[in-house]
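Q: The structure that follows is given in the form of C-alpha cells.
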Amino acid sequence: MDVNFETIQTDKVSMGFLRFGTGDKTFVILPGLSVGSLAPFAEAIAKQYDVFSHDYTVYLFDQPSNPPKPYSIKSYAQDIANAMVALGLSNADVFGASRGGMLGLQLAVDHPELVHKLALGSTPPHMDECCSEALSRWIECAEKHDGVGLYLDFCSMIYPESFFEENIEAFRTAGSLASDENLDHFVIFAQASTDFNIFENLDAISCPILQIASRDDKLVSLDTFIEFKRALESKPGCESYLYDSYGHASFDMAPDYPERLFRFFQK
C-alpha cells in the first residue's frame with residue numbers, strides 16, 4: 001500500500017495529512033489531542049485502517065504546525081474545511097477520535113456539504129467535569145515544559161490501567177523527548193477545547209452520527225455518553241455503541257473498531 005504524508009498550506013495554517021487507499025469514496029480521520037506530529041506513525045495508522053483502503057481514499061489531517069493563539073474548535077474546524085476544499089474533498093465519511101470528534105461535529109454544523117456521515121470516538125458533546133479537570137492538569141504540565149508529567153497523566157487517563165502499567169517506561173521516554181515547541185503547541189490545542197459545547201447547535205447537524213465510547217472511560221463520563229445518546233435518538237440514522245473495557249482510547253485498543261466504523265459508513 002502506498003502511504004503518503006504530505007503538507008497543505010491554507011490561507012492561515014500549514015497542515016500535514018496522511019493519504020492512502022485507492023477507492024472512489026472519501027474517508028477523513030480527525031485525530032485526538034497529541035504532542036507532536038503523527039507523521040512518524042503514518043505506516044501504523046494506514047495498517048490500522050486498511051479495511052477502508054479499497055473502497056476509499058483515506059485522509060488523516062495532522063495538527064497544524066503553526067497554530068494561531070488563541071485557537072478555537074470552530075477556527076480549527078474551519079482550517080480543516082479549507083484544507084478539504086483545497087484538496088477537492090466533499091461528502092466525506094468522517095471519523096473523529098476524542099477531540100477530533102469535536103472538530104467533526106463543528107465541521108458538520110458549519111459545512112454540512114463536506115460531511116456525509118460522522119462517527120465519534122469517545123467524544124463529549126461538551127466539557128464535563130472530569131474532562132475539564134484533566135485538560136487543566138495537562139495544560140499546566142505543558143506550560144511548565146514538563147513533558148514526562150504530561151505524558152504520564154495523559155496516558156494514564158486514556159488507556160486501560162494494565163496497558164498503561166505495561167508501557168509506562170515508553171510513555172516516560174516519549175515525554176522526556178517532547179520539545180518545548182511541541183509542548184507550547186499542545187497548550188494552544190488543549191485550550192481550544194476548554195469551552196466546547198455542541199448542544200446549542202446539534203439541531204443544525206443533518207448527517208447520521210455513530211457514537212462510540214467505553215464504559216470504563218476515565219476522561220468522558222458514562223453519564224455524558226448517555227446524555228449525548230439521548231440527544232441523538234431523535235435524529236434519523238444515528239447509532240450508539242458502548243464497549244466495556246477499552247478505556248478512552250478504545251479507538252486504538254478495540255480490535256474490531258475500524259470494521260465497526262466501516263460497517264456504519266457502508267449502510
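Simple scheme: letters A, B, ... for chains in C-alpha cells order, numbers from 1 for residues in each chain, numbers from 1 for ligands in the order shown.
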Taking the backbone alone, and naming residues the way the document does, which bits of stretch 39-105 of chain A are strand (DSSP E or B) by DSSP, as a list of chain:residue names?
A: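 Here are the strand (DSSP E or B) residues of stretch 39-105 of chain A: A:Tyr56, A:Thr57, A:Val58, A:Tyr59, A:Leu60, A:Phe61, A:Ala92, A:Asp93, A:Val94, A:Phe95, A:Gly96, A:Ala97.
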Q: Go through stretch 197-264 of chain A and flag each residue having an atom no more than 10 Å from stretch 149-162 of chain A; for those, report the closest pair of atoms plus their distance in Å to one decimal, using only C-alpha atoms, ordered by chain and rising number, as a Markdown table.
A:
| residue | atom | partner | partner_atom | distance |
| --- | --- | --- | --- | --- |
| A:Asp216 | CA | A:Pro160 | CA | 8.2 |
| A:Asp217 | CA | A:Ile158 | CA | 7.3 |
| A:Lys218 | CA | A:Met157 | CA | 5.7 |
| A:Leu219 | CA | A:Met157 | CA | 6.2 |
| A:Val220 | CA | A:Ile158 | CA | 9.6 |
| A:Ser245 | CA | A:Pro160 | CA | 7.4 |
| A:Tyr246 | CA | A:Pro160 | CA | 6.1 |
| A:Gly247 | CA | A:Pro160 | CA | 5.2 |
| A:His248 | CA | A:Ile158 | CA | 4.6 |
| A:Ala249 | CA | A:Ile158 | CA | 5.3 |
| A:Ser250 | CA | A:Tyr159 | CA | 8.1 |
| A:Asp252 | CA | A:Tyr159 | CA | 9.2 |
| A:Met253 | CA | A:Tyr159 | CA | 8.2 |
Q: Taking N, CA and C atoms for each residue, export the selection above as a PDB file, in the first residue's frame.
A:
ATOM      1  N   ASP A 216     -15.644   2.153  30.730  1.00  0.00           N
ATOM      2  CA  ASP A 216     -14.613   2.447  31.726  1.00  0.00           C
ATOM      3  C   ASP A 216     -13.777   3.676  31.373  1.00  0.00           C
ATOM      4  N   ASP A 217     -14.273   4.534  30.495  1.00  0.00           N
ATOM      5  CA  ASP A 217     -13.573   5.758  30.106  1.00  0.00           C
ATOM      6  C   ASP A 217     -13.355   6.635  31.342  1.00  0.00           C
ATOM      7  N   LYS A 218     -12.095   6.984  31.618  1.00  0.00           N
ATOM      8  CA  LYS A 218     -11.774   7.841  32.758  1.00  0.00           C
ATOM      9  C   LYS A 218     -11.888   9.326  32.426  1.00  0.00           C
ATOM     10  N   LEU A 219     -11.977   9.635  31.154  1.00  0.00           N
ATOM     11  CA  LEU A 219     -11.935  11.031  30.723  1.00  0.00           C
ATOM     12  C   LEU A 219     -13.320  11.596  30.438  1.00  0.00           C
ATOM     13  N   VAL A 220     -14.171  10.798  29.807  1.00  0.00           N
ATOM     14  CA  VAL A 220     -15.547  11.212  29.493  1.00  0.00           C
ATOM     15  C   VAL A 220     -16.484  10.273  30.252  1.00  0.00           C
ATOM     16  N   SER A 245     -14.467  -2.316  28.191  1.00  0.00           N
ATOM     17  CA  SER A 245     -13.175  -2.339  28.893  1.00  0.00           C
ATOM     18  C   SER A 245     -11.976  -1.858  28.082  1.00  0.00           C
ATOM     19  N   TYR A 246     -12.155  -0.908  27.186  1.00  0.00           N
ATOM     20  CA  TYR A 246     -11.029  -0.433  26.390  1.00  0.00           C
ATOM     21  C   TYR A 246     -10.597   0.994  26.727  1.00  0.00           C
ATOM     22  N   GLY A 247     -11.259   1.630  27.682  1.00  0.00           N
ATOM     23  CA  GLY A 247     -10.860   2.965  28.090  1.00  0.00           C
ATOM     24  C   GLY A 247     -11.179   4.025  27.060  1.00  0.00           C
ATOM     25  N   HIS A 248     -10.710   5.241  27.333  1.00  0.00           N
ATOM     26  CA  HIS A 248     -10.963   6.366  26.431  1.00  0.00           C
ATOM     27  C   HIS A 248     -10.416   6.091  25.035  1.00  0.00           C
ATOM     28  N   ALA A 249      -9.252   5.448  24.975  1.00  0.00           N
ATOM     29  CA  ALA A 249      -8.610   5.180  23.683  1.00  0.00           C
ATOM     30  C   ALA A 249      -9.121   3.886  23.058  1.00  0.00           C
ATOM     31  N   SER A 250     -10.402   3.600  23.209  1.00  0.00           N
ATOM     32  CA  SER A 250     -10.971   2.405  22.579  1.00  0.00           C
ATOM     33  C   SER A 250     -10.758   2.421  21.074  1.00  0.00           C
ATOM     34  N   ASP A 252      -8.137   3.068  19.587  1.00  0.00           N
ATOM     35  CA  ASP A 252      -6.842   2.432  19.345  1.00  0.00           C
ATOM     36  C   ASP A 252      -6.771   1.018  19.910  1.00  0.00           C
ATOM     37  N   MET A 253      -7.573   0.731  20.929  1.00  0.00           N
ATOM     38  CA  MET A 253      -7.439  -0.519  21.670  1.00  0.00           C
ATOM     39  C   MET A 253      -8.368  -1.626  21.183  1.00  0.00           C
TER      40      MET A 253
END
Q: As an NGL selection string, please: all residues of stretch 19-232 of chain A that backbone DSSP puts in alpha helix (DSSP H).
A: :A and (42-48 or 73-86 or 99-110 or 129-143 or 147-158 or 161-166 or 168-176 or 180-192 or 222-232)
Q: What's around A:Phe189 at 8 Å? Count only C-alpha atoms, leave out sequence neighbours fewer than 5 positions away in its own chain, and write the answer as number ranges by chain.
A: A: 33, 67, 71
Q: Go ahead and write the selection's residues with C-alpha atoms as a compact mmCIF listing (two decimals), in the first residue's frame.
A:
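Listed below is the output, again_28.txt:
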# COMPACT_ATOMS: atom_id res chain seq x y z
CA LEU A 33 -5.12 15.75 21.02
CA PRO A 67 -1.40 27.12 15.18
CA TYR A 71 -7.32 28.90 18.74
